[in-house]
file coords_3.json (JSON, C-alpha atoms)
[["chain", "number", "residue", "atom", "x", "y", "z"],
["A", 1, "MET", "CA", -17.48, -4.84, -7.34],
["A", 2, "ILE", "CA", -15.76, -7.41, -9.56],
["A", 3, "ARG", "CA", -12.25, -8.28, -8.52],
["A", 4, "ARG", "CA", -9.45, -8.74, -11.01],
["A", 5, "PRO", "CA", -8.14, -12.32, -11.42],
["A", 6, "ARG", "CA", -5.10, -13.29, -9.37],
["A", 7, "HIS", "CA", -2.33, -15.83, -9.82],
["A", 8, "ALA", "CA", -2.61, -18.82, -7.48],
["A", 9, "ALA", "CA", 0.98, -20.04, -7.84],
["A", 10, "GLY", "CA", 2.77, -21.12, -4.70],
["A", 11, "VAL", "CA", 5.46, -18.50, -5.20],
["A", 12, "LEU", "CA", 3.10, -15.67, -4.26],
["A", 13, "ALA", "CA", 4.61, -13.45, -1.62],
["A", 14, "LEU", "CA", 1.40, -12.83, 0.21],
["A", 15, "GLY", "CA", 0.25, -14.48, 3.38],
["A", 16, "ALA", "CA", -2.91, -15.85, 1.79],
["A", 17, "ALA", "CA", -1.46, -17.06, -1.49],
["A", 18, "ALA", "CA", -3.86, -19.97, -1.86],
["A", 19, "ALA", "CA", -6.84, -17.64, -1.72],
["A", 20, "LEU", "CA", -5.68, -15.05, -4.21],
["A", 21, "SER", "CA", -7.11, -16.71, -7.30],
["A", 22, "VAL", "CA", -10.69, -15.99, -6.31],
["A", 23, "SER", "CA", -13.01, -13.46, -7.86],
["A", 24, "GLY", "CA", -16.32, -12.21, -6.59],
["A", 25, "CYS", "CA", -18.51, -9.27, -5.72],
["A", 26, "GLY", "CA", -19.19, -7.13, -2.70],
["A", 27, "SER", "CA", -17.08, -5.31, -0.16],
["A", 28, "ASP", "CA", -14.58, -6.96, 2.15],
["A", 29, "SER", "CA", -15.01, -8.00, 5.77],
["A", 30, "LEU", "CA", -12.80, -6.34, 8.32],
["A", 31, "SER", "CA", -12.25, -9.25, 10.66],
["A", 32, "ASP", "CA", -8.74, -10.60, 11.15],
["A", 33, "THR", "CA", -9.67, -14.16, 10.14],
["A", 34, "GLY", "CA", -6.65, -15.83, 8.60],
["A", 35, "SER", "CA", -4.28, -13.01, 9.54],
["A", 36, "GLN", "CA", -0.67, -13.98, 9.97],
["A", 37, "ALA", "CA", -0.15, -11.20, 12.48],
["A", 38, "THR", "CA", -2.01, -12.46, 15.52],
["A", 39, "ALA", "CA", -1.12, -9.82, 18.12],
["A", 40, "SER", "CA", -4.22, -8.00, 19.34],
["A", 41, "VAL", "CA", -4.72, -4.26, 18.93],
["A", 42, "SER", "CA", -6.67, -2.24, 21.48],
["A", 43, "SER", "CA", -9.86, -0.54, 20.32],
["A", 44, "ALA", "CA", -9.69, 3.23, 20.08],
["A", 45, "THR", "CA", -12.13, 5.45, 21.94],
["A", 46, "ALA", "CA", -14.43, 7.68, 19.87],
["A", 47, "GLN", "CA", -14.03, 11.46, 20.23],
["A", 48, "ALA", "CA", -17.12, 13.62, 19.82],
["A", 49, "ASP", "CA", -15.09, 16.59, 18.58],
["A", 50, "LEU", "CA", -13.81, 14.51, 15.68],
["A", 51, "ALA", "CA", -17.20, 13.04, 14.82],
["A", 52, "GLY", "CA", -18.50, 16.56, 14.26],
["A", 53, "LYS", "CA", -15.92, 17.11, 11.52],
["A", 54, "LEU", "CA", -17.06, 14.21, 9.36],
["A", 55, "PRO", "CA", -18.51, 15.00, 5.90],
["A", 56, "ALA", "CA", -22.31, 14.84, 5.81],
["A", 57, "LYS", "CA", -22.26, 11.75, 3.57],
["A", 58, "ILE", "CA", -20.24, 9.78, 6.11],
["A", 59, "LYS", "CA", -22.31, 11.02, 9.05],
["A", 60, "THR", "CA", -25.45, 9.74, 7.35],
["A", 61, "ALA", "CA", -23.98, 6.40, 6.34],
["A", 62, "LYS", "CA", -22.12, 6.00, 9.66],
["A", 63, "LYS", "CA", -19.21, 4.47, 7.76],
["A", 64, "ILE", "CA", -16.18, 5.45, 5.71],
["A", 65, "VAL", "CA", -15.95, 3.64, 2.36],
["A", 66, "VAL", "CA", -12.29, 2.99, 1.52],
["A", 67, "GLY", "CA", -10.80, 2.04, -1.82],
["A", 68, "THR", "CA", -7.77, -0.25, -1.49],
["A", 69, "ASP", "CA", -5.65, -2.54, -3.64],
["A", 70, "ALA", "CA", -5.65, -5.74, -1.60],
["A", 71, "SER", "CA", -2.51, -7.22, -3.13],
["A", 72, "TYR", "CA", 0.15, -5.32, -1.20],
["A", 73, "ALA", "CA", 1.16, -7.32, 1.87],
["A", 74, "PRO", "CA", 1.76, -6.44, 4.64],
["A", 75, "SER", "CA", -0.04, -3.15, 3.98],
["A", 76, "GLU", "CA", -3.31, -4.47, 2.59],
["A", 77, "PHE", "CA", -3.99, -7.98, 1.27],
["A", 78, "LEU", "CA", -6.53, -10.79, 1.34],
["A", 79, "ALA", "CA", -6.62, -13.34, 4.13],
["A", 80, "ALA", "CA", -6.90, -17.09, 3.58],
["A", 81, "ASP", "CA", -10.69, -16.84, 3.17],
["A", 82, "GLY", "CA", -10.17, -14.89, -0.06],
["A", 83, "LYS", "CA", -12.38, -11.97, 0.97],
["A", 84, "THR", "CA", -11.11, -10.46, 4.23],
["A", 85, "VAL", "CA", -8.85, -7.46, 3.70],
["A", 86, "GLN", "CA", -6.10, -7.31, 6.31],
["A", 87, "GLY", "CA", -2.77, -5.59, 6.92],
["A", 88, "PHE", "CA", -1.28, -2.71, 8.86],
["A", 89, "ASP", "CA", -3.00, -0.10, 6.66],
["A", 90, "VAL", "CA", -6.31, -1.80, 7.41],
["A", 91, "ASP", "CA", -5.78, -2.02, 11.17],
["A", 92, "LEU", "CA", -4.55, 1.55, 11.43],
["A", 93, "PHE", "CA", -7.38, 3.10, 9.44],
["A", 94, "LYS", "CA", -9.93, 1.01, 11.31],
["A", 95, "ALA", "CA", -8.55, 2.66, 14.45],
["A", 96, "VAL", "CA", -8.92, 6.07, 12.76],
["A", 97, "GLY", "CA", -12.55, 5.22, 12.06],
["A", 98, "GLN", "CA", -13.03, 4.28, 15.71],
["A", 99, "LYS", "CA", -11.82, 7.75, 16.76],
["A", 100, "PHE", "CA", -14.60, 9.20, 14.57],
["A", 101, "GLY", "CA", -17.12, 6.71, 15.94],
["A", 102, "VAL", "CA", -17.94, 5.17, 12.54],
["A", 103, "ASP", "CA", -17.35, 1.86, 10.76],
["A", 104, "VAL", "CA", -14.84, 1.41, 7.94],
["A", 105, "GLU", "CA", -15.68, -0.59, 4.81],
["A", 106, "PHE", "CA", -12.74, -1.64, 2.63],
["A", 107, "VAL", "CA", -13.49, -2.24, -1.07],
["A", 108, "SER", "CA", -10.88, -3.99, -3.23],
["A", 109, "SER", "CA", -9.95, -1.91, -6.26],
["A", 110, "ASN", "CA", -7.27, -1.63, -8.92],
["A", 111, "PHE", "CA", -4.51, 0.56, -7.51],
["A", 112, "ASP", "CA", -4.43, 2.98, -10.44],
["A", 113, "SER", "CA", -8.20, 3.60, -10.23],
["A", 114, "ILE", "CA", -8.42, 4.55, -6.54],
["A", 115, "ILE", "CA", -7.57, 8.26, -6.75],
["A", 116, "THR", "CA", -10.13, 8.70, -9.52],
["A", 117, "GLY", "CA", -12.63, 6.76, -7.42],
["A", 118, "VAL", "CA", -12.08, 9.13, -4.50],
["A", 119, "SER", "CA", -12.41, 12.19, -6.74],
["A", 120, "THR", "CA", -15.73, 10.97, -8.18],
["A", 121, "GLY", "CA", -17.18, 10.00, -4.80],
["A", 122, "LYS", "CA", -17.07, 6.24, -5.32],
["A", 123, "TYR", "CA", -14.84, 6.02, -2.23],
["A", 124, "ASP", "CA", -14.63, 8.42, 0.70],
["A", 125, "VAL", "CA", -10.92, 7.73, 1.21],
["A", 126, "GLY", "CA", -8.14, 5.85, -0.54],
["A", 127, "VAL", "CA", -5.92, 3.75, 1.75],
["A", 128, "SER", "CA", -3.40, 1.78, -0.28],
["A", 129, "SER", "CA", 0.22, 2.68, 0.53],
["A", 130, "PHE", "CA", 0.14, 5.79, -1.66],
["A", 131, "THR", "CA", 3.50, 7.56, -1.67],
["A", 132, "ILE", "CA", 2.88, 11.29, -1.35],
["A", 133, "ASN", "CA", 4.21, 13.23, -4.35],
["A", 134, "ASP", "CA", 3.42, 16.47, -6.16],
["A", 135, "LYS", "CA", 1.39, 14.80, -8.91],
["A", 136, "ARG", "CA", -0.93, 13.10, -6.44],
["A", 137, "LYS", "CA", -1.27, 16.25, -4.33],
["A", 138, "GLN", "CA", -2.57, 18.03, -7.41],
["A", 139, "GLN", "CA", -5.34, 15.45, -7.66],
["A", 140, "ALA", "CA", -6.29, 14.99, -4.01],
["A", 141, "ASN", "CA", -5.63, 15.90, -0.39],
["A", 142, "MET", "CA", -3.13, 13.51, 1.18],
["A", 143, "VAL", "CA", -2.64, 12.84, 4.90],
["A", 144, "SER", "CA", 0.77, 11.47, 5.92],
["A", 145, "TYR", "CA", 0.82, 8.49, 8.31],
["A", 146, "TYR", "CA", 3.91, 6.34, 7.56],
["A", 147, "LYS", "CA", 7.26, 6.44, 5.75],
["A", 148, "ALA", "CA", 8.72, 3.92, 3.30],
["A", 149, "GLY", "CA", 11.31, 3.72, 0.54],
["A", 150, "THR", "CA", 11.92, 1.56, -2.51],
["A", 151, "GLN", "CA", 13.57, -1.87, -2.30],
["A", 152, "TRP", "CA", 14.62, -4.35, -5.00],
["A", 153, "ALA", "CA", 14.22, -8.12, -4.76],
["A", 154, "THR", "CA", 15.36, -11.02, -6.91],
["A", 155, "GLN", "CA", 15.66, -14.79, -6.86],
["A", 156, "LYS", "CA", 17.71, -16.28, -4.02],
["A", 157, "GLY", "CA", 21.40, -16.02, -4.82],
["A", 158, "ASN", "CA", 20.76, -13.41, -7.53],
["A", 159, "PRO", "CA", 21.46, -15.86, -10.39],
["A", 160, "LYS", "CA", 21.05, -13.13, -13.04],
["A", 161, "LYS", "CA", 23.53, -10.88, -11.20],
["A", 162, "VAL", "CA", 21.00, -8.06, -11.10],
["A", 163, "ASP", "CA", 22.49, -4.66, -10.26],
["A", 164, "PRO", "CA", 19.81, -2.05, -9.45],
["A", 165, "ASN", "CA", 22.20, 0.61, -10.75],
["A", 166, "ASN", "CA", 22.51, -1.18, -14.09],
["A", 167, "PRO", "CA", 19.31, -3.08, -14.92],
["A", 168, "CYS", "CA", 19.63, -2.48, -18.68],
["A", 169, "GLY", "CA", 18.55, -5.49, -20.71],
["A", 170, "LEU", "CA", 16.95, -7.26, -17.73],
["A", 171, "THR", "CA", 13.28, -8.13, -17.20],
["A", 172, "ILE", "CA", 11.89, -6.20, -14.23],
["A", 173, "ALA", "CA", 8.45, -6.72, -12.67],
["A", 174, "VAL", "CA", 6.53, -3.85, -11.08],
["A", 175, "GLN", "CA", 2.98, -2.94, -10.10],
["A", 176, "THR", "CA", 1.14, -0.57, -12.44],
["A", 177, "GLY", "CA", 0.53, 2.95, -11.15],
["A", 178, "THR", "CA", 3.17, 2.87, -8.40],
["A", 179, "VAL", "CA", 6.00, 5.34, -7.92],
["A", 180, "GLN", "CA", 8.37, 2.58, -8.98],
["A", 181, "ALA", "CA", 6.51, 2.13, -12.28],
["A", 182, "ASP", "CA", 5.83, 5.79, -13.03],
["A", 183, "GLU", "CA", 9.01, 7.47, -11.78],
["A", 184, "ASP", "CA", 11.82, 5.07, -10.89],
["A", 185, "LEU", "CA", 11.97, 2.70, -13.87],
["A", 186, "PRO", "CA", 11.41, 5.40, -16.54],
["A", 187, "LYS", "CA", 14.48, 7.27, -15.25],
["A", 188, "ARG", "CA", 16.55, 4.09, -15.37],
["A", 189, "GLN", "CA", 15.19, 3.34, -18.83],
["A", 190, "ALA", "CA", 16.31, 6.77, -20.02],
["A", 191, "ASP", "CA", 19.78, 6.18, -18.57],
["A", 192, "CYS", "CA", 20.04, 2.88, -20.48],
["A", 193, "LYS", "CA", 19.10, 4.62, -23.72],
["A", 194, "LYS", "CA", 21.56, 7.44, -23.10],
["A", 195, "ALA", "CA", 24.35, 4.95, -22.46],
["A", 196, "GLY", "CA", 23.51, 2.97, -25.60],
["A", 197, "LYS", "CA", 22.60, -0.12, -23.56],
["A", 198, "PRO", "CA", 19.69, -2.54, -24.11],
["A", 199, "ALA", "CA", 16.33, -1.34, -22.81],
["A", 200, "ILE", "CA", 14.82, -2.67, -19.59],
["A", 201, "LYS", "CA", 12.03, -5.15, -20.30],
["A", 202, "VAL", "CA", 9.35, -3.87, -17.93],
["A", 203, "GLN", "CA", 6.59, -6.26, -16.87],
["A", 204, "SER", "CA", 3.77, -4.18, -15.39],
["A", 205, "TYR", "CA", 1.12, -5.99, -13.33],
["A", 206, "THR", "CA", -2.21, -4.92, -11.88],
["A", 207, "GLY", "CA", -1.35, -6.45, -8.49],
["A", 208, "GLN", "CA", 1.89, -6.60, -6.52],
["A", 209, "ASP", "CA", 1.21, -10.29, -5.87],
["A", 210, "GLU", "CA", 1.47, -10.87, -9.62],
["A", 211, "ALA", "CA", 4.77, -8.97, -9.84],
["A", 212, "THR", "CA", 6.19, -11.03, -6.97],
["A", 213, "ALA", "CA", 4.97, -14.26, -8.57],
["A", 214, "ALA", "CA", 6.73, -13.32, -11.82],
["A", 215, "VAL", "CA", 10.06, -13.09, -10.01],
["A", 216, "GLY", "CA", 9.50, -16.28, -8.04],
["A", 217, "SER", "CA", 8.68, -18.21, -11.24],
["A", 218, "LYS", "CA", 11.71, -16.68, -13.02],
["A", 219, "LYS", "CA", 9.49, -14.97, -15.56],
["A", 220, "ALA", "CA", 11.13, -11.73, -14.38],
["A", 221, "ASP", "CA", 14.70, -11.22, -13.19],
["A", 222, "ALA", "CA", 13.82, -8.85, -10.34],
["A", 223, "MET", "CA", 11.16, -6.52, -8.98],
["A", 224, "LEU", "CA", 11.04, -3.27, -7.10],
["A", 225, "ALA", "CA", 8.37, -2.23, -4.62],
["A", 226, "ASP", "CA", 7.90, -0.25, -1.41],
["A", 227, "SER", "CA", 10.39, -1.39, 1.23],
["A", 228, "PRO", "CA", 7.97, -3.00, 3.72],
["A", 229, "VAL", "CA", 6.22, -4.81, 0.88],
["A", 230, "ALA", "CA", 9.44, -6.17, -0.62],
["A", 231, "ALA", "CA", 10.69, -7.30, 2.80],
["A", 232, "TYR", "CA", 7.41, -9.05, 3.60],
["A", 233, "ALA", "CA", 7.33, -10.71, 0.18],
["A", 234, "VAL", "CA", 10.80, -12.17, 0.70],
["A", 235, "LYS", "CA", 9.81, -13.44, 4.13],
["A", 236, "GLN", "CA", 6.67, -15.12, 2.85],
["A", 237, "THR", "CA", 8.40, -16.92, -0.04],
["A", 238, "GLY", "CA", 10.46, -18.95, 2.44],
["A", 239, "GLY", "CA", 13.81, -18.37, 0.77],
["A", 240, "THR", "CA", 12.70, -18.24, -2.88],
["A", 241, "LEU", "CA", 13.52, -14.53, -3.08],
["A", 242, "GLU", "CA", 16.01, -12.19, -1.43],
["A", 243, "LEU", "CA", 16.33, -8.43, -1.01],
["A", 244, "LEU", "CA", 18.77, -6.63, -3.26],
["A", 245, "GLY", "CA", 20.63, -3.43, -2.40],
["A", 246, "ASP", "CA", 19.60, -0.76, 0.10],
["A", 247, "VAL", "CA", 16.31, 1.03, 0.69],
["A", 248, "TYR", "CA", 16.28, 4.41, -1.09],
["A", 249, "ASP", "CA", 14.04, 7.40, -1.85],
["A", 250, "SER", "CA", 12.13, 7.18, 1.44],
["A", 251, "ALA", "CA", 8.93, 9.23, 1.44],
["A", 252, "PRO", "CA", 5.67, 9.38, 3.42],
["A", 253, "TYR", "CA", 2.59, 7.33, 2.66],
["A", 254, "GLY", "CA", -0.65, 9.28, 2.54],
["A", 255, "TYR", "CA", -4.39, 8.68, 2.82],
["A", 256, "VAL", "CA", -6.17, 10.04, -0.26],
["A", 257, "LEU", "CA", -9.16, 12.35, 0.16],
["A", 258, "PRO", "CA", -11.10, 14.61, -2.22],
["A", 259, "LYS", "CA", -9.64, 18.06, -2.79],
["A", 260, "THR", "CA", -12.80, 19.53, -1.26],
["A", 261, "GLU", "CA", -12.41, 17.67, 2.05],
["A", 262, "THR", "CA", -9.65, 19.69, 3.74],
["A", 263, "GLU", "CA", -11.43, 19.83, 7.12],
["A", 264, "PHE", "CA", -11.89, 16.05, 7.12],
["A", 265, "ALA", "CA", -8.24, 15.59, 6.16],
["A", 266, "THR", "CA", -7.14, 17.80, 9.04],
["A", 267, "ALA", "CA", -9.42, 15.88, 11.41],
["A", 268, "ILE", "CA", -7.72, 12.64, 10.34],
["A", 269, "THR", "CA", -4.34, 14.08, 11.38],
["A", 270, "GLU", "CA", -5.92, 14.81, 14.78],
["A", 271, "ALA", "CA", -7.20, 11.23, 15.02],
["A", 272, "LEU", "CA", -3.75, 9.87, 14.15],
["A", 273, "THR", "CA", -2.12, 12.13, 16.74],
["A", 274, "ALA", "CA", -4.54, 10.83, 19.38],
["A", 275, "LEU", "CA", -3.79, 7.23, 18.35],
["A", 276, "LYS", "CA", -0.07, 7.88, 18.66],
["A", 277, "THR", "CA", -0.50, 9.47, 22.09],
["A", 278, "GLU", "CA", -2.56, 6.50, 23.26],
["A", 279, "GLY", "CA", 0.00, 4.01, 21.90],
["A", 280, "THR", "CA", -2.36, 2.40, 19.38],
["A", 281, "TYR", "CA", -0.37, 3.69, 16.40],
["A", 282, "GLU", "CA", 2.84, 1.91, 17.44],
["A", 283, "GLN", "CA", 0.85, -1.14, 18.54],
["A", 284, "VAL", "CA", -0.55, -1.60, 15.03],
["A", 285, "LEU", "CA", 2.83, -1.20, 13.34],
["A", 286, "LYS", "CA", 4.52, -3.64, 15.73],
["A", 287, "LYS", "CA", 1.78, -6.20, 15.13],
["A", 288, "TRP", "CA", 2.85, -6.32, 11.47],
["A", 289, "GLY", "CA", 6.59, -5.82, 12.03],
["A", 290, "VAL", "CA", 6.73, -2.48, 10.20],
["A", 291, "GLU", "CA", 7.44, -0.12, 13.10],
["A", 292, "SER", "CA", 10.64, 1.16, 11.43],
["A", 293, "GLY", "CA", 8.43, 3.33, 9.21],
["A", 294, "ALA", "CA", 6.66, 5.13, 12.06],
["A", 295, "ILE", "CA", 6.57, 8.92, 11.87],
["A", 296, "ASP", "CA", 6.35, 11.45, 14.70],
["A", 297, "SER", "CA", 3.75, 13.84, 13.29],
["A", 298, "PHE", "CA", 1.01, 13.82, 10.69],
["A", 299, "ALA", "CA", 0.15, 16.48, 8.11],
["A", 300, "VAL", "CA", -2.10, 17.35, 5.19],
["A", 301, "ASN", "CA", -0.18, 17.58, 1.90],
["A", 302, "PRO", "CA", 3.30, 17.70, 3.49]]
call {"tool": "encode", "arguments": {"input": "coords_3.json", "output": "structure tokens"}}
result
Amino acid sequence: MIRRPRHAAGVLALGAAAALSVSGCGSDSLSDTGSQATASVSSATAQADLAGKLPAKIKTAKKIVVGTDASYAPSEFLAADGKTVQGFDVDLFKAVGQKFGVDVEFVSSNFDSIITGVSTGKYDVGVSSFTINDKRKQQANMVSYYKAGTQWATQKGNPKKVDPNNPCGLTIAVQTGTVQADEDLPKRQADCKKAGKPAIKVQSYTGQDEATAAVGSKKADAMLADSPVAAYAVKQTGGTLELLGDVYDSAPYGYVLPKTETEFATAITEALTALKTEGTYEQVLKKWGVESGAIDSFAVNP
């Protein structure tokens, strides 16, 4: 597949900023080359009972093809080689694949095209920090595996005096197709209009790396993203950005599967439960410093 172009500015909040300007074809390697999280994760043991619940297509191919937006560190992003997809989403779903005894192939995709790609069979599963909501559950089966909220970030010292509760008239960067773009900002925009205040100038980007770069370069006054992503972005900018306000609207992340694959979705909850029992689940989250979003149980369309 052809990747979208990426900004290569030094203000990128991703661990492999220098490599994010590349474009190319093909699927992504699953090695941890260039990963900033170096702690090792134990391999998971395959379970025959789970392997029997795989869809016929996956059984034949012996791999799960996953659509992912590789611009969302630390969930899923490109390593320094510009082609390896890494992150806690990647490590965790690789472990899920190991429970089924099959390989996992991550394919970089635009975030807002992944659900459609799963529905049409282009991808077997979508793994890209999808917040579970009613709209998405109407389109696909979703398997909960993590919990995150929304967090704002701005330039260090908040020079524009950004107030998340009153962003009217400010320029706000966000990734296209996210909950923040589709639900959060439209509500705030409506509040500005109702109060007779200037409209929010929304800058919508294909990749979260681009939204982060806009704030770092002062093209945008602030951004909002999922809490682990915003926190990681601030960390990686080395003091260029800072978090703003508290985390809010926490909700589960979900793997995206076709509506017809309910048995497979249920089997994935069983694989996650086994990984949690074995300790691999927490091991992956701790490797990336995101263990605060761990959940105790996993469900289909919670």
call {"tool": "closest_residue", "arguments": {"input": "coords_3.json", "among": "A:Val256, A:Leu285, A:Ala51, A:Ala211", "to": "Ala271 of chain A", "atoms": "only C-alpha atoms"}}
result
A:Ala51
call {"tool": "atom_distance", "arguments": {"input": "coords_3.json", "atom1": "atom CA of Gly169 of chain A", "atom2": "atom CA of Glu183 of chain A"}}
result
18.4 Å
call {"tool": "residues_around", "arguments": {"input": "coords_3.json", "residues": "segment 213-229 of chain A", "least_positions_apart": "3", "cutoff": "9 Å", "atoms": "all atoms listed in the file", "output": "JSON, numbers by chain"}}
result
{"A": [7, 8, 9, 10, 11, 12, 13, 72, 73, 74, 75, 129, 131, 148, 149, 150, 151, 152, 153, 154, 155, 158, 159, 160, 162, 170, 171, 172, 173, 174, 175, 178, 179, 180, 181, 201, 202, 203, 208, 209, 210, 232, 233, 234, 237, 240, 241, 244, 247, 248, 250, 289, 290, 293]}
call {"tool": "residues_around", "arguments": {"input": "coords_3.json", "residues": "Val143 of chain A", "least_positions_apart": "6", "cutoff": "6 Å", "atoms": "only C-alpha atoms", "output": "VMD selection string"}}
result
chain A and resid 254 to 255 299 to 300
call {"tool": "write_last_selection", "arguments": {"input": "coords_3.json", "atoms": "C-alpha atoms", "output": "CSV table (one decimal), in the frame of the given file"}}
result
chain,number,residue,atom,x,y,z
A,254,GLY,CA,-0.6,9.3,2.5
A,255,TYR,CA,-4.4,8.7,2.8
A,299,ALA,CA,0.2,16.5,8.1
A,300,VAL,CA,-2.1,17.4,5.2
call {"tool": "atom_distance", "arguments": {"input": "coords_3.json", "atom1": "atom CA of Leu54 of chain A", "atom2": "atom CA of Gly126 of chain A"}}
result
15.7 Å
call {"tool": "closest_atom_pairs", "arguments": {"input": "coords_3.json", "of": "segment 45-110 of chain A", "to": "segment 274-284 of chain A", "cutoff": "10 Å", "atoms": "all atoms listed in the file", "output": "CSV"}}
result
residue,atom,partner,partner_atom,distance
A:Thr45,CA,A:Leu275,CA,9.3
A:Gln47,CA,A:Ala274,CA,9.5
A:Gly87,CA,A:Val284,CA,9.3
A:Phe88,CA,A:Val284,CA,6.3
A:Asp89,CA,A:Val284,CA,8.8
A:Val90,CA,A:Val284,CA,9.6
A:Asp91,CA,A:Val284,CA,6.5
A:Leu92,CA,A:Val284,CA,6.2
A:Phe93,CA,A:Tyr281,CA,9.9
A:Ala95,CA,A:Leu275,CA,7.7
A:Val96,CA,A:Leu275,CA,7.7
A:Lys99,CA,A:Leu275,CA,8.2
call {"tool": "write_last_selection", "arguments": {"input": "coords_3.json", "atoms": "C-alpha atoms", "output": "PDB file, in the frame of the given file"}}
result
ATOM      1  CA  THR A  45     -12.130   5.450  21.940  1.00  0.00           C
ATOM      2  CA  GLN A  47     -14.030  11.460  20.230  1.00  0.00           C
ATOM      3  CA  GLY A  87      -2.770  -5.590   6.920  1.00  0.00           C
ATOM      4  CA  PHE A  88      -1.280  -2.710   8.860  1.00  0.00           C
ATOM      5  CA  ASP A  89      -3.000  -0.100   6.660  1.00  0.00           C
ATOM      6  CA  VAL A  90      -6.310  -1.800   7.410  1.00  0.00           C
ATOM      7  CA  ASP A  91      -5.780  -2.020  11.170  1.00  0.00           C
ATOM      8  CA  LEU A  92      -4.550   1.550  11.430  1.00  0.00           C
ATOM      9  CA  PHE A  93      -7.380   3.100   9.440  1.00  0.00           C
ATOM     10  CA  ALA A  95      -8.550   2.660  14.450  1.00  0.00           C
ATOM     11  CA  VAL A  96      -8.920   6.070  12.760  1.00  0.00           C
ATOM     12  CA  LYS A  99     -11.820   7.750  16.760  1.00  0.00           C
TER      13      LYS A  99
END
call {"tool": "atom_distance", "arguments": {"input": "coords_3.json", "atom1": "atom CA of Gly121 of chain A", "atom2": "atom CA of Asp81 of chain A"}}
result
28.7 Å
call {"tool": "closest_residue", "arguments": {"input": "coords_3.json", "among": "A:Gly101, A:Pro258, A:Pro252, A:Pro186", "to": "Asp296 of chain A", "atoms": "only C-alpha atoms"}}
result
A:Pro252
call {"tool": "closest_residue", "arguments": {"input": "coords_3.json", "among": "A:Ala190, A:Leu185, A:Ala48, A:Ile114", "to": "Ser204 of chain A", "atoms": "all atoms listed in the file"}}
result
A:Leu185
call {"tool": "residues_around", "arguments": {"input": "coords_3.json", "residues": "Val104 of chain A", "least_positions_apart": "5", "cutoff": "6 Å", "atoms": "only C-alpha atoms", "output": "list in words"}}
result
Lys63, Ile64 and Lys94 of chain A
call {"tool": "write_last_selection", "arguments": {"input": "coords_3.json", "atoms": "C-alpha atoms", "output": "short mmCIF file (atom, residue, chain, number, x, y, z; two decimals), in the coordinates of the input"}}
result
data_model
loop_
_atom_site.label_atom_id
_atom_site.label_comp_id
_atom_site.auth_asym_id
_atom_site.auth_seq_id
_atom_site.Cartn_x
_atom_site.Cartn_y
_atom_site.Cartn_z
CA LYS A 63 -19.21 4.47 7.76
CA ILE A 64 -16.18 5.45 5.71
CA LYS A 94 -9.93 1.01 11.31
#
call {"tool": "closest_residue", "arguments": {"input": "coords_3.json", "among": "A:Phe77, A:Ser71, A:Pro164, A:Ile115", "to": "Thr212 of chain A", "atoms": "all atoms listed in the file"}}
result
A:Ser71
